[in-house]
Amino acid sequence: MNAERGTQAVLITGATDGLGKAAALLLAGRGYRVFAAGRSAEKRAQLDALARAKTLPLETLEMDVCDESSVQRAISYVYQESGAIDVLINNAGLVYVGVVEDLRMEDWRRQFETNFFGVIRVTQAVLPQMRERRKGRILMMSSVSGFVTPPTQGAYSASKHAIEALSNALRHELYPFGIHTILIQPGYIVTNIQNTAMEVAQTYQEKFKTGPYAKIYASYLGNATSTRARSKTTPEDCARIMLRAIEAPHPKARYGVTPLATLAKFTKWALTDNAADHMIRRRYGITREK
């Protein structure tokens with residue numbers, strides 16, 4: 001793909017903030033024609049202005065991955081403008097924080113509607129043309145939470161576990177057609193997704209403070225704060241890994257991002273379930289109540 005990258009069209013969902021925005025700017029700077037999709041008109045305008053100032057081949061478009069007609073309109077526009085989508089980066093996502101018992105069913109559904117069904121919706125829309133052209137790459141934004149589940153992250157982790165399984169299936173199903181499906185597995189990277197997670201968790205604040213799981217919530221929030229302070233990996237670092245996955249002649253099935261991802265993969269391989277559970281419980285101060 002290197003030799004042709006000036007003509008490569010890339011569609012990125014959730015591209016007006018965080019990891020998606022970093023990828024959009026990096027890829028456009030490398031000569032890819034980038035279509036950066038997002039819901040926020042304000043953030044799209046800001047990114048468009050930045051692209052104009054830097055004379056980048058990047059434009060934004062409105063897309064809500066939870067809305068079928070929105071997805072179809074956006075993809076039709078990309079085909080009209082570029083003729084094809086060579087790379088799809090399924091990046092749109094959000095985090096619901098809450099223990100399994102506390103989270104309302106509507107929030108479980110919202111978690112999966114964005115992080116899982118939204119990915120399927122966009123992927124199904126671009127596959128027919130990729131398949132006919134016998135080329136394309138699909139990057140799936142997973143997470144360390146796709147294979148390690150800390151307390152209060154059940155909904156988010158479940159959605160990322162589902163992305164892992166979906167990607168595994170696509171990797172086999174699309175092999176005959178020359179389409180690569182690639183998982184990107186970041187650890188903790190500071191973006192706006194953490195602030196959004198706290199905003200959507202506002203309705204659970206009383207449970208955080210006084211519910212039966214208050215100690216676990218407090219431990220999770222304390223760990224999140226300390227991890228944020230220690231995090232050295234930037235969205236731009238993640239974008240460079242994504243670029244590597246796009247340009248590799250023979251891409252790997254999975255690319256870990258951050259030292260945490262490397263450590264988590266090793267411990268998942270090296271430890272028994274009991275040992276891994278003990279390590280997580282010790283980290284979060286979870287003990288048996290008497």
# chains A, B, ... in the order shown; residues from 1 in each chain; ligands from 1
$ residues_around --residues "A:Ile120" --least-positions-apart "3" --cutoff "10 Å" --atoms "only C-alpha atoms" --output "PyMOL selection string"
chain A and resi 65+90+113-117+123-125+163+166
$ write_last_selection --atoms "N, CA, C and O atoms" --output "compact mmCIF listing (two decimals), in the first residue's frame"
# COMPACT_ATOMS: atom_id res chain seq x y z
N VAL A 65 -22.78 6.19 14.32
CA VAL A 65 -22.69 4.75 14.02
C VAL A 65 -23.89 3.97 14.54
O VAL A 65 -24.09 2.82 14.15
N ASN A 90 -12.47 1.43 12.57
CA ASN A 90 -13.63 1.44 13.47
C ASN A 90 -13.19 1.90 14.86
O ASN A 90 -12.77 1.09 15.70
N GLU A 113 -24.56 -0.84 21.57
CA GLU A 113 -25.02 -0.21 20.33
C GLU A 113 -23.90 0.59 19.68
O GLU A 113 -23.72 0.57 18.46
N THR A 114 -23.11 1.29 20.49
CA THR A 114 -22.00 2.07 19.94
C THR A 114 -20.78 1.20 19.68
O THR A 114 -20.24 1.18 18.57
N ASN A 115 -20.33 0.48 20.69
CA ASN A 115 -19.04 -0.22 20.60
C ASN A 115 -19.07 -1.49 19.77
O ASN A 115 -18.02 -1.91 19.26
N PHE A 116 -20.24 -2.09 19.62
CA PHE A 116 -20.29 -3.36 18.91
C PHE A 116 -21.21 -3.30 17.68
O PHE A 116 -20.76 -3.48 16.55
N PHE A 117 -22.49 -3.01 17.89
CA PHE A 117 -23.40 -2.99 16.75
C PHE A 117 -23.06 -1.87 15.78
O PHE A 117 -23.23 -2.02 14.56
N THR A 123 -19.06 -1.70 9.18
CA THR A 123 -18.29 -2.72 8.47
C THR A 123 -19.12 -3.37 7.37
O THR A 123 -18.65 -3.56 6.24
N GLN A 124 -20.36 -3.73 7.68
CA GLN A 124 -21.21 -4.33 6.67
C GLN A 124 -21.43 -3.39 5.48
O GLN A 124 -21.55 -3.84 4.34
N ALA A 125 -21.46 -2.09 5.77
CA ALA A 125 -21.72 -1.12 4.70
C ALA A 125 -20.55 -1.00 3.73
O ALA A 125 -20.75 -0.71 2.54
N ILE A 163 -15.74 -7.41 20.18
CA ILE A 163 -14.97 -6.92 19.02
C ILE A 163 -13.84 -7.89 18.68
O ILE A 163 -13.54 -8.13 17.51
N LEU A 166 -15.50 -10.80 16.91
CA LEU A 166 -15.92 -10.36 15.58
C LEU A 166 -14.73 -10.26 14.63
O LEU A 166 -14.80 -10.71 13.47
$ select_by_dssp --residues "stretch 26-190 of chain A" --states "strand (DSSP E)" --output "list in words"
Arg33, Val34, Phe35, Ala36, Ala37, Gly38, Leu58, Glu59, Thr60, Leu61, Glu62, Val87, Leu88, Ile89, Asn90, Gly136, Arg137, Ile138, Leu139, Met140, Met141, Ile179, His180, Thr181, Ile182, Leu183, Ile184, Gln185 and Pro186 of chain A
$ closest_residue --among "A:Glu42, A:Asn91, A:Val122, A:Glu106" --to "A:Ser76" --atoms "only C-alpha atoms"
A:Val122
$ residues_around --residues "A:Arg30" --least-positions-apart "2" --cutoff "12 Å" --atoms "only C-alpha atoms" --output "ChimeraX atom specification"
/A:2-10,23-28,32-34,56-58,239-240,243-244,246-247
$ atom_distance --atom1 "atom CA of A:Asp86" --atom2 "atom CA of A:Ile12"
11.2 Å
$ select_by_dssp --residues "stretch 115-270 of chain A" --states "alpha helix (DSSP H)" --output "number ranges by chain"
A: 118-133, 154-173, 193-200, 205-210, 214-230, 235-247, 259-270
